[in-house]
$ cat protein_25.csv   # CSV, C-alpha atoms
chain,number,residue,atom,x,y,z
K,1,MET,CA,-21.4,4.9,-6.9
K,2,LYS,CA,-17.8,3.8,-7.1
K,3,LYS,CA,-15.8,3.5,-3.9
K,4,LEU,CA,-12.4,2.8,-5.4
K,5,PRO,CA,-10.2,4.7,-7.8
K,6,GLU,CA,-9.5,4.2,-11.5
K,7,VAL,CA,-6.2,2.5,-12.1
K,8,THR,CA,-4.1,5.1,-14.0
K,9,LEU,CA,-0.4,6.2,-14.0
K,10,ALA,CA,-1.2,8.6,-11.2
K,11,PHE,CA,-2.6,5.7,-9.2
K,12,TRP,CA,0.7,3.8,-9.4
K,13,ILE,CA,2.8,6.9,-8.5
K,14,MET,CA,0.7,7.5,-5.4
K,15,LYS,CA,0.9,3.8,-4.5
K,16,ILE,CA,4.7,3.8,-4.6
K,17,ALA,CA,4.8,7.1,-2.7
K,18,ALA,CA,2.4,5.7,0.0
K,19,THR,CA,4.3,2.4,0.3
K,20,THR,CA,7.7,4.2,0.5
K,21,LEU,CA,6.3,6.4,3.3
K,22,GLY,CA,4.9,3.3,5.0
K,23,GLU,CA,8.4,1.8,5.1
K,24,THR,CA,10.1,5.0,6.5
K,25,ALA,CA,7.3,5.8,8.9
K,26,GLY,CA,7.1,2.3,10.2
K,27,ASP,CA,10.8,2.2,10.9
K,28,LEU,CA,10.5,5.7,12.4
K,29,PHE,CA,8.1,4.5,15.1
K,30,ALA,CA,9.6,1.0,15.7
K,31,GLN,CA,13.4,1.8,15.4
K,32,THR,CA,14.1,5.5,15.6
K,33,LEU,CA,11.6,6.2,18.4
K,34,LYS,CA,12.5,2.7,19.8
K,35,LEU,CA,8.8,1.7,20.4
K,36,GLY,CA,9.7,-1.7,19.1
K,37,TYR,CA,8.0,-4.0,16.5
K,38,PHE,CA,5.4,-5.4,18.9
K,39,LEU,CA,4.0,-2.1,20.3
K,40,THR,CA,4.2,-0.3,17.0
K,41,THR,CA,2.4,-3.1,15.2
K,42,ILE,CA,-0.5,-2.9,17.6
K,43,THR,CA,-0.7,0.9,17.4
K,44,LEU,CA,-0.5,1.0,13.6
K,45,PHE,CA,-3.0,-1.9,13.2
K,46,ALA,CA,-5.4,0.1,15.3
K,47,ILE,CA,-4.9,3.1,13.1
K,48,PHE,CA,-5.6,0.9,10.1
K,49,VAL,CA,-8.9,-0.3,11.6
K,50,VAL,CA,-10.0,3.3,12.2
K,51,THR,CA,-9.1,4.5,8.7
K,52,LEU,CA,-10.8,1.4,7.2
K,53,VAL,CA,-14.0,2.1,9.1
K,54,VAL,CA,-14.1,5.6,7.7
K,55,GLN,CA,-13.5,4.2,4.2
K,56,LEU,CA,-16.2,1.5,4.5
K,57,ARG,CA,-18.8,4.0,5.8
K,58,SER,CA,-18.3,6.4,2.9
K,59,SER,CA,-20.8,6.4,0.2
K,60,ARG,CA,-18.4,7.1,-2.7
K,61,TYR,CA,-14.7,7.4,-3.6
K,62,HIS,CA,-12.8,10.0,-1.5
K,63,PRO,CA,-9.1,10.1,-2.5
K,64,PHE,CA,-8.0,11.3,1.0
K,65,SER,CA,-9.9,8.4,2.7
K,66,TYR,CA,-8.8,5.8,0.2
K,67,TRP,CA,-5.1,6.7,0.3
K,68,THR,CA,-5.0,7.1,4.0
K,69,VAL,CA,-6.1,3.5,4.3
K,70,ILE,CA,-3.4,2.5,1.8
K,71,LEU,CA,-0.8,4.4,3.9
K,72,SER,CA,-2.0,2.8,7.1
K,73,THR,CA,-1.8,-0.7,5.6
K,74,SER,CA,1.8,0.1,4.4
K,75,MET,CA,2.9,1.3,7.8
K,76,ALA,CA,1.2,-1.6,9.6
K,77,GLY,CA,2.5,-4.1,7.0
K,78,THR,CA,6.0,-2.8,7.6
K,79,THR,CA,6.1,-3.6,11.3
K,80,MET,CA,4.0,-6.7,11.0
K,81,SER,CA,6.5,-8.1,8.5
K,82,ASP,CA,9.4,-7.0,10.8
K,83,PHE,CA,7.8,-8.6,13.8
K,84,MET,CA,7.3,-11.9,11.9
K,85,ASN,CA,10.7,-12.1,10.3
K,86,ARG,CA,13.1,-10.4,12.6
K,87,ASP,CA,14.2,-10.9,16.2
K,88,ALA,CA,15.4,-7.4,17.0
K,89,SER,CA,19.0,-8.5,16.8
K,90,ALA,CA,21.7,-5.9,16.6
K,91,LYS,CA,22.0,-5.8,12.8
K,92,TYR,CA,18.4,-4.6,12.5
K,93,LEU,CA,18.7,-1.8,15.1
K,94,SER,CA,19.4,1.9,14.4
K,95,GLY,CA,22.7,3.4,15.5
K,96,GLY,CA,23.2,3.4,19.2
K,97,ALA,CA,20.1,1.2,20.0
K,98,THR,CA,20.6,-1.9,22.1
K,99,SER,CA,17.0,-2.9,22.5
K,100,LEU,CA,13.5,-2.0,21.3
K,101,GLY,CA,10.4,-1.2,23.1
K,102,TRP,CA,8.1,-3.3,25.3
K,103,GLY,CA,7.0,-6.9,24.8
K,104,PRO,CA,8.3,-9.6,22.4
K,105,GLN,CA,10.4,-8.0,19.6
K,106,GLY,CA,10.1,-10.5,16.8
K,107,LEU,CA,9.3,-14.1,16.0
K,108,GLY,CA,12.5,-14.5,14.1
K,109,LEU,CA,10.8,-16.6,11.3
K,110,GLY,CA,13.1,-15.3,8.6
K,111,TYR,CA,12.1,-13.8,5.3
K,112,PRO,CA,11.5,-17.1,3.4
K,113,ALA,CA,9.2,-18.6,6.0
K,114,GLY,CA,7.4,-15.3,6.6
K,115,ALA,CA,6.9,-14.8,2.9
K,116,ALA,CA,5.5,-18.3,2.5
K,117,ILE,CA,3.0,-17.8,5.3
K,118,LEU,CA,1.8,-14.5,3.9
K,119,ILE,CA,1.6,-15.9,0.3
K,120,SER,CA,-0.6,-18.7,1.7
K,121,VAL,CA,-2.9,-16.3,3.6
K,122,LEU,CA,-3.2,-14.1,0.4
K,123,LEU,CA,-4.1,-17.1,-1.7
K,124,VAL,CA,-6.8,-18.1,0.8
K,125,ILE,CA,-8.2,-14.6,0.6
K,126,PHE,CA,-8.3,-14.8,-3.2
K,127,ALA,CA,-9.9,-18.3,-3.0
K,128,VAL,CA,-12.7,-17.0,-0.7
K,129,TRP,CA,-13.1,-14.0,-3.0
K,130,LYS,CA,-13.3,-16.2,-6.0
K,131,ALA,CA,-15.9,-18.4,-4.3
K,132,THR,CA,-18.2,-15.4,-3.6
K,133,GLY,CA,-18.4,-14.8,-7.4
K,134,MET,CA,-17.6,-11.1,-6.9
K,135,THR,CA,-15.5,-9.2,-9.3
K,136,PHE,CA,-11.7,-8.6,-8.9
K,137,GLN,CA,-11.9,-5.4,-11.0
K,138,ILE,CA,-11.5,-2.7,-8.3
K,139,ARG,CA,-13.5,-0.1,-10.3
K,140,ASP,CA,-16.5,-2.4,-10.0
K,141,ILE,CA,-16.2,-3.2,-6.3
K,142,VAL,CA,-19.2,-1.4,-4.7
K,143,THR,CA,-20.4,-3.8,-1.9
K,144,PHE,CA,-19.3,-3.9,1.7
K,145,ARG,CA,-18.3,-7.6,1.4
K,146,GLY,CA,-16.3,-6.8,-1.8
K,147,GLU,CA,-14.5,-4.0,-0.1
K,148,ALA,CA,-13.8,-6.1,3.0
K,149,LEU,CA,-12.1,-8.7,0.8
K,150,PHE,CA,-10.2,-6.1,-1.1
K,151,TRP,CA,-8.8,-4.4,2.0
K,152,SER,CA,-7.9,-7.8,3.5
K,153,ALA,CA,-5.9,-8.6,0.4
K,154,ILE,CA,-4.3,-5.1,0.5
K,155,LEU,CA,-3.1,-5.5,4.1
K,156,VAL,CA,-1.6,-8.9,3.5
K,157,SER,CA,-0.1,-8.0,0.1
K,158,ASN,CA,1.6,-4.9,1.7
K,159,THR,CA,2.9,-7.1,4.5
K,160,LEU,CA,4.2,-9.6,2.0
K,161,GLY,CA,5.7,-6.9,-0.1
K,162,THR,CA,7.7,-5.7,2.9
K,163,SER,CA,9.1,-9.1,3.5
K,164,MET,CA,10.1,-9.4,-0.2
K,165,GLY,CA,11.7,-5.9,-0.1
K,166,ASP,CA,13.6,-6.6,3.0
K,167,PHE,CA,14.8,-9.9,1.7
K,168,LEU,CA,16.1,-8.2,-1.5
K,169,SER,CA,17.8,-5.4,0.5
K,170,ASP,CA,19.2,-7.4,3.4
K,171,SER,CA,19.7,-11.0,2.3
K,172,SER,CA,19.9,-11.3,-1.4
K,173,GLY,CA,23.2,-9.4,-1.9
K,174,LEU,CA,21.6,-6.9,-4.3
K,175,GLY,CA,21.4,-4.1,-1.8
K,176,TYR,CA,18.8,-1.3,-1.7
K,177,ALA,CA,19.4,0.1,-5.1
K,178,GLY,CA,19.9,-3.3,-6.7
K,179,GLY,CA,16.7,-4.6,-5.2
K,180,ALA,CA,14.7,-1.5,-6.4
K,181,LEU,CA,16.1,-1.9,-9.9
K,182,LEU,CA,15.2,-5.6,-10.0
K,183,VAL,CA,11.6,-4.9,-9.0
K,184,THR,CA,11.4,-2.0,-11.5
K,185,GLY,CA,12.5,-4.4,-14.2
K,186,VAL,CA,9.8,-6.9,-13.3
K,187,LEU,CA,7.2,-4.2,-13.3
K,188,ALA,CA,8.3,-3.1,-16.8
K,189,VAL,CA,7.7,-6.7,-17.9
K,190,LEU,CA,4.2,-6.6,-16.5
K,191,VAL,CA,3.5,-3.4,-18.4
K,192,ALA,CA,4.6,-5.1,-21.6
K,193,LEU,CA,2.4,-8.1,-20.8
K,194,MET,CA,-0.6,-5.8,-20.8
K,195,LYS,CA,-0.5,-5.9,-24.6
K,196,VAL,CA,-0.8,-9.7,-24.6
K,197,PRO,CA,-4.5,-10.6,-24.8
K,198,ALA,CA,-4.0,-14.0,-23.2
K,199,VAL,CA,-2.8,-12.5,-19.9
K,200,PRO,CA,-5.7,-11.1,-17.8
K,201,ASN,CA,-5.2,-7.5,-16.7
K,202,VAL,CA,-6.7,-8.3,-13.3
K,203,LEU,CA,-3.8,-10.8,-12.7
K,204,LEU,CA,-1.3,-8.2,-13.8
K,205,PHE,CA,-2.8,-5.6,-11.5
K,206,TRP,CA,-2.5,-7.8,-8.4
K,207,ILE,CA,1.0,-8.9,-9.2
K,208,ALA,CA,2.0,-5.3,-9.7
K,209,PHE,CA,0.2,-4.2,-6.5
K,210,VAL,CA,2.3,-6.7,-4.5
K,211,LEU,CA,5.5,-5.8,-6.3
K,212,THR,CA,5.2,-2.0,-5.8
K,213,ARG,CA,5.4,-2.7,-2.0
K,214,PRO,CA,8.9,-4.1,-2.1
K,215,LEU,CA,9.8,-1.3,-4.5
K,216,GLY,CA,8.7,1.1,-1.8
K,217,ALA,CA,10.4,-0.9,0.9
K,218,THR,CA,13.8,-0.9,-0.9
K,219,ALA,CA,13.4,2.8,-1.8
K,220,GLY,CA,12.6,3.6,1.8
K,221,ASP,CA,15.6,1.7,3.1
K,222,PHE,CA,17.8,3.3,0.4
K,223,LEU,CA,16.8,6.8,1.7
K,224,THR,CA,17.1,6.0,5.4
K,225,LYS,CA,19.8,3.5,6.0
K,226,PRO,CA,23.5,4.4,6.7
K,227,VAL,CA,25.9,4.9,3.8
K,228,ALA,CA,28.0,2.0,5.1
K,229,LYS,CA,24.9,-0.3,4.5
K,230,GLY,CA,24.4,1.2,1.0
K,231,GLY,CA,21.8,3.8,1.9
K,232,LEU,CA,21.7,7.6,1.7
K,233,ASN,CA,21.5,8.1,5.5
K,234,LEU,CA,18.7,10.7,5.2
K,235,GLY,CA,17.0,9.4,8.4
K,236,THR,CA,13.5,8.1,8.9
K,237,ALA,CA,12.1,11.4,10.2
K,238,GLY,CA,13.4,13.6,7.4
K,239,SER,CA,12.5,11.1,4.7
K,240,SER,CA,9.0,10.5,6.2
K,241,ALA,CA,8.4,14.3,6.3
K,242,VAL,CA,9.3,14.8,2.7
K,243,LEU,CA,7.4,11.7,1.5
K,244,LEU,CA,4.3,12.8,3.5
K,245,ALA,CA,4.4,16.2,1.9
K,246,VAL,CA,4.6,14.6,-1.6
K,247,LEU,CA,1.8,12.2,-0.8
K,248,LEU,CA,-0.5,15.0,0.6
K,249,GLY,CA,0.2,17.0,-2.6
K,250,LEU,CA,-0.8,14.0,-4.8
K,251,MET,CA,-3.9,13.4,-2.7
K,252,ALA,CA,-5.0,17.0,-3.0
K,253,TYR,CA,-4.5,16.8,-6.7
K,254,ALA,CA,-6.5,13.6,-6.9
K,255,GLN,CA,-9.3,15.2,-4.8
K,256,VAL,CA,-9.5,18.1,-7.2
K,257,GLN,CA,-9.7,15.8,-10.2
K,258,GLU,CA,-12.4,13.7,-8.5
K,259,ARG,CA,-14.5,16.8,-7.9
K,260,ARG,CA,-14.2,17.7,-11.5
K,261,THR,CA,-15.3,14.2,-12.6
K,262,ILE,CA,-18.4,14.2,-10.5
K,263,ALA,CA,-19.4,17.8,-11.0
K,264,PRO,CA,-22.6,18.2,-13.0
K,265,GLN,CA,-22.1,19.3,-16.5
K,266,PRO,CA,-23.7,22.5,-17.7
K,267,THR,CA,-26.7,22.0,-19.8
K,268,GLU,CA,-28.1,24.3,-22.4
K,269,LEU,CA,-31.6,25.4,-21.5
K,270,VAL,CA,-33.7,25.8,-24.6
K,271,THR,CA,-37.0,27.6,-24.2
K,272,ARG,CA,-39.7,27.3,-26.7
K,273,GLN,CA,-42.4,29.8,-27.1
K,274,SER,CA,-45.6,28.6,-28.6
K,275,ASP,CA,-48.5,30.7,-29.8

$ encode --input "protein_25.csv" --output "structure tokens"
Amino acid sequence: MKKLPEVTLAFWIMKIAATTLGETAGDLFAQTLKLGYFLTTITLFAIFVVTLVVQLRSSRYHPFSYWTVILSTSMAGTTMSDFMNRDASAKYLSGGATSLGWGPQGLGLGYPAGAAILISVLLVIFAVWKATGMTFQIRDIVTFRGEALFWSAILVSNTLGTSMGDFLSDSSGLGYAGGALLVTGVLAVLVALMKVPAVPNVLLFWIAFVLTRPLGATAGDFLTKPVAKGGLNLGTAGSSAVLLAVLLGLMAYAQVQERRTIAPQPTELVTRQSD
């Protein structure tokens, strides 16, 4: 039985909602609650492991289980990226904060170096995946090893996407809205390329999967950051609460649709009477 969802428009809407919530929730714990990048990363990674175990132990696709793992990878990816790239300097702290949490607060690698490392790790995962001979089509992934590779790629791609989104928002000069528009334009090109037979849809899927993360990152920053920095200043708590409500609603809808899909179809019983 299938363990992963069909890739439809609803899939991408939920992916963007989950990744945007991952950005705001990650910043909520690390910055607003001042737990820091290090402690928050450990906590959110532990949550990711728990949700992943539930997903791997399930016998078929459950929307709540699947999207909870996606959300946990987005939250963990946010703080993992921040820990790699930042150094908790004043420009990254929320208003009034002078320090963050316990332990080391960032390696300070910078976005280019952090992205290069994550791209390398992601390529290694795909190379191992290719060497196993297992399919990249997510609707056909049904084995434990296939799922393990899939979720490894998801975690790294969401962390990479955060680095890309933060670079667009903080360092490129485009700002939050400009970064989101750029990523949206690239995604539109990918949609157009779906009509080109020479371009594999599997390749387009994984590029789009990575790029929807920076879209969520820039959208999350646009919602939460101060107006002086180009954001709407809605705050991490309020934005996360609204996004969580939206995602839960979408998950409930997906659960209803899945039940309708797997429900047995009524059959007409024909009785024959013989002499």

$ atom_distance --input "protein_25.csv" --atom1 "atom CA of Thr159 of chain K" --atom2 "atom CA of Met84 of chain K"
9.9 Å

$ residues_around --input "protein_25.csv" --residues "Val156 of chain K" --least-positions-apart "3" --cutoff "8 Å" --atoms "all atoms listed in the file" --output "PyMOL selection string"
chain K and resi 77+118+121-122+152-153+159-160

$ closest_residue --input "protein_25.csv" --among "K:Thr68, K:Thr43, K:Thr261, K:Gln255" --to "Gln55 of chain K" --atoms "all atoms listed in the file"
K:Thr68

$ residues_around --input "protein_25.csv" --residues "Asp170 of chain K" --least-positions-apart "3" --cutoff "12 Å" --atoms "all atoms listed in the file" --output "PDB file with C-alpha atoms, in the frame of the given file"
ATOM      1  CA  ASN K  85      10.700 -12.100  10.300  1.00  0.00           C
ATOM      2  CA  ARG K  86      13.100 -10.400  12.600  1.00  0.00           C
ATOM      3  CA  LYS K  91      22.000  -5.800  12.800  1.00  0.00           C
ATOM      4  CA  TYR K  92      18.400  -4.600  12.500  1.00  0.00           C
ATOM      5  CA  GLY K 110      13.100 -15.300   8.600  1.00  0.00           C
ATOM      6  CA  TYR K 111      12.100 -13.800   5.300  1.00  0.00           C
ATOM      7  CA  THR K 162       7.700  -5.700   2.900  1.00  0.00           C
ATOM      8  CA  SER K 163       9.100  -9.100   3.500  1.00  0.00           C
ATOM      9  CA  MET K 164      10.100  -9.400  -0.200  1.00  0.00           C
ATOM     10  CA  GLY K 165      11.700  -5.900  -0.100  1.00  0.00           C
ATOM     11  CA  ASP K 166      13.600  -6.600   3.000  1.00  0.00           C
ATOM     12  CA  PHE K 167      14.800  -9.900   1.700  1.00  0.00           C
ATOM     13  CA  GLY K 173      23.200  -9.400  -1.900  1.00  0.00           C
ATOM     14  CA  LEU K 174      21.600  -6.900  -4.300  1.00  0.00           C
ATOM     15  CA  GLY K 175      21.400  -4.100  -1.800  1.00  0.00           C
ATOM     16  CA  TYR K 176      18.800  -1.300  -1.700  1.00  0.00           C
ATOM     17  CA  ALA K 177      19.400   0.100  -5.100  1.00  0.00           C
ATOM     18  CA  GLY K 178      19.900  -3.300  -6.700  1.00  0.00           C
ATOM     19  CA  GLY K 179      16.700  -4.600  -5.200  1.00  0.00           C
ATOM     20  CA  ALA K 217      10.400  -0.900   0.900  1.00  0.00           C
ATOM     21  CA  THR K 218      13.800  -0.900  -0.900  1.00  0.00           C
ATOM     22  CA  ASP K 221      15.600   1.700   3.100  1.00  0.00           C
ATOM     23  CA  PHE K 222      17.800   3.300   0.400  1.00  0.00           C
ATOM     24  CA  LYS K 225      19.800   3.500   6.000  1.00  0.00           C
ATOM     25  CA  LYS K 229      24.900  -0.300   4.500  1.00  0.00           C
ATOM     26  CA  GLY K 230      24.400   1.200   1.000  1.00  0.00           C
ATOM     27  CA  GLY K 231      21.800   3.800   1.900  1.00  0.00           C
TER      28      GLY K 231
END

$ residues_around --input "protein_25.csv" --residues "segment 17-31 of chain K" --least-positions-apart "6" --cutoff "6 Å" --atoms "all atoms listed in the file" --output "MDAnalysis selection string"
chainID K and resid 37 40 71 74:75 78 213 216:217 220 236 240 243

$ atom_distance --input "protein_25.csv" --atom1 "atom CA of Ser120 of chain K" --atom2 "atom CA of Gln137 of chain K"
21.6 Å

$ axis_aligned_box --input "protein_25.csv" --around "segment 230-247 of chain K" --padding-each-side "3 Å" --output "AutoDock Vina command-line options"
--center_x 13.1 --center_y 8.7 --center_z 4.3 --size_x 28.6 --size_y 21.0 --size_z 17.8

$ closest_residue --input "protein_25.csv" --among "K:Leu155, K:Leu39, K:Val124, K:Leu247" --to "Gly106 of chain K" --atoms "only C-alpha atoms"
K:Leu39

$ closest_residue --input "protein_25.csv" --among "K:Ala76, K:Val183, K:Ile119, K:Ala241" --to "Pro214 of chain K" --atoms "all atoms listed in the file"
K:Val183

$ closest_atom_pairs --input "protein_25.csv" --of "segment 34-132 of chain K" --to "segment 2-9 of chain K" --cutoff "10 Å" --atoms "only C-alpha atoms" --output "JSON lines"
{"residue": "K:Gln55", "atom": "CA", "partner": "K:Lys3", "partner_atom": "CA", "distance": 8.4}
{"residue": "K:Leu56", "atom": "CA", "partner": "K:Lys3", "partner_atom": "CA", "distance": 8.6}
{"residue": "K:Ser58", "atom": "CA", "partner": "K:Lys3", "partner_atom": "CA", "distance": 7.8}
{"residue": "K:Ser59", "atom": "CA", "partner": "K:Lys3", "partner_atom": "CA", "distance": 7.1}
{"residue": "K:Arg60", "atom": "CA", "partner": "K:Lys3", "partner_atom": "CA", "distance": 4.6}
{"residue": "K:Tyr61", "atom": "CA", "partner": "K:Lys3", "partner_atom": "CA", "distance": 4.1}
{"residue": "K:His62", "atom": "CA", "partner": "K:Lys3", "partner_atom": "CA", "distance": 7.6}
{"residue": "K:Pro63", "atom": "CA", "partner": "K:Pro5", "partner_atom": "CA", "distance": 7.6}
{"residue": "K:Tyr66", "atom": "CA", "partner": "K:Leu4", "partner_atom": "CA", "distance": 7.3}
{"residue": "K:Trp67", "atom": "CA", "partner": "K:Pro5", "partner_atom": "CA", "distance": 9.8}

$ residues_around --input "protein_25.csv" --residues "segment 145-151 of chain K" --least-positions-apart "4" --cutoff "8 Å" --atoms "all atoms listed in the file" --output "PyMOL selection string"
chain K and resi 56+125+129+134-135+141+155

$ write_last_selection --input "protein_25.csv" --atoms "C-alpha atoms" --output "PDB file, keeping the file's coordinate frame"
ATOM      1  CA  LEU K  56     -16.200   1.500   4.500  1.00  0.00           C
ATOM      2  CA  ILE K 125      -8.200 -14.600   0.600  1.00  0.00           C
ATOM      3  CA  TRP K 129     -13.100 -14.000  -3.000  1.00  0.00           C
ATOM      4  CA  MET K 134     -17.600 -11.100  -6.900  1.00  0.00           C
ATOM      5  CA  THR K 135     -15.500  -9.200  -9.300  1.00  0.00           C
ATOM      6  CA  ILE K 141     -16.200  -3.200  -6.300  1.00  0.00           C
ATOM      7  CA  LEU K 155      -3.100  -5.500   4.100  1.00  0.00           C
TER       8      LEU K 155
END

$ residues_near_point --input "protein_25.csv" --point "(1.1, -6.9, 20.8)" --cutoff "12 Å" --atoms "only C-alpha atoms" --output "number ranges by chain"
K: 35-46, 79-80, 83-84, 101-107

$ residues_around --input "protein_25.csv" --residues "segment 184-197 of chain K" --least-positions-apart "6" --cutoff "8 Å" --atoms "all atoms listed in the file" --output "list of chain:residue names"
K:Leu204, K:Ala208, K:Leu211, K:Leu215

$ closest_residue --input "protein_25.csv" --among "K:Ala113, K:Thr132, K:Leu234, K:Phe209" --to "Lys15 of chain K" --atoms "only C-alpha atoms"
K:Phe209

$ atom_distance --input "protein_25.csv" --atom1 "atom CA of Asn158 of chain K" --atom2 "atom CA of Arg259 of chain K"
28.7 Å

$ decode --input "protein_25.csv" --residues "segment 186-202 of chain K" --atoms "N, CA and C atoms" --output "short mmCIF file (atom, residue, chain, number, x, y, z; two decimals), in the first residue's frame"
data_model
loop_
_atom_site.label_atom_id
_atom_site.label_comp_id
_atom_site.auth_asym_id
_atom_site.auth_seq_id
_atom_site.Cartn_x
_atom_site.Cartn_y
_atom_site.Cartn_z
N VAL K 186 10.56 31.36 -10.55
CA VAL K 186 11.30 30.15 -10.91
C VAL K 186 10.37 28.94 -10.89
N LEU K 187 9.49 28.88 -9.90
CA LEU K 187 8.53 27.77 -9.82
C LEU K 187 7.59 27.78 -11.02
N ALA K 188 7.22 28.97 -11.48
CA ALA K 188 6.37 29.07 -12.67
C ALA K 188 7.08 28.51 -13.91
N VAL K 189 8.39 28.75 -13.99
CA VAL K 189 9.18 28.17 -15.10
C VAL K 189 9.17 26.65 -15.02
N LEU K 190 9.30 26.11 -13.81
CA LEU K 190 9.29 24.66 -13.63
C LEU K 190 7.95 24.07 -14.07
N VAL K 191 6.87 24.77 -13.77
CA VAL K 191 5.54 24.30 -14.22
C VAL K 191 5.48 24.25 -15.74
N ALA K 192 6.03 25.27 -16.38
CA ALA K 192 6.05 25.29 -17.84
C ALA K 192 6.90 24.15 -18.41
N LEU K 193 8.00 23.82 -17.72
CA LEU K 193 8.88 22.75 -18.19
C LEU K 193 8.24 21.37 -18.09
N MET K 194 7.17 21.26 -17.31
CA MET K 194 6.47 19.98 -17.23
C MET K 194 5.91 19.55 -18.57
N LYS K 195 5.70 20.50 -19.46
CA LYS K 195 5.16 20.21 -20.79
C LYS K 195 6.25 19.80 -21.77
N VAL K 196 7.52 19.87 -21.32
CA VAL K 196 8.65 19.53 -22.19
C VAL K 196 9.02 18.06 -21.95
N PRO K 197 8.80 17.18 -22.91
CA PRO K 197 9.04 15.75 -22.70
C PRO K 197 10.47 15.41 -22.32
N ALA K 198 11.43 16.21 -22.79
CA ALA K 198 12.84 15.90 -22.54
C ALA K 198 13.25 16.13 -21.08
N VAL K 199 12.44 16.86 -20.33
CA VAL K 199 12.78 17.18 -18.94
C VAL K 199 12.04 16.22 -18.02
N PRO K 200 12.75 15.39 -17.25
CA PRO K 200 12.07 14.41 -16.37
C PRO K 200 11.26 15.11 -15.28
N ASN K 201 10.04 14.66 -15.09
CA ASN K 201 9.20 15.24 -14.05
C ASN K 201 9.75 14.99 -12.65
N VAL K 202 10.47 13.88 -12.49
CA VAL K 202 11.07 13.60 -11.18
C VAL K 202 12.09 14.68 -10.81
#
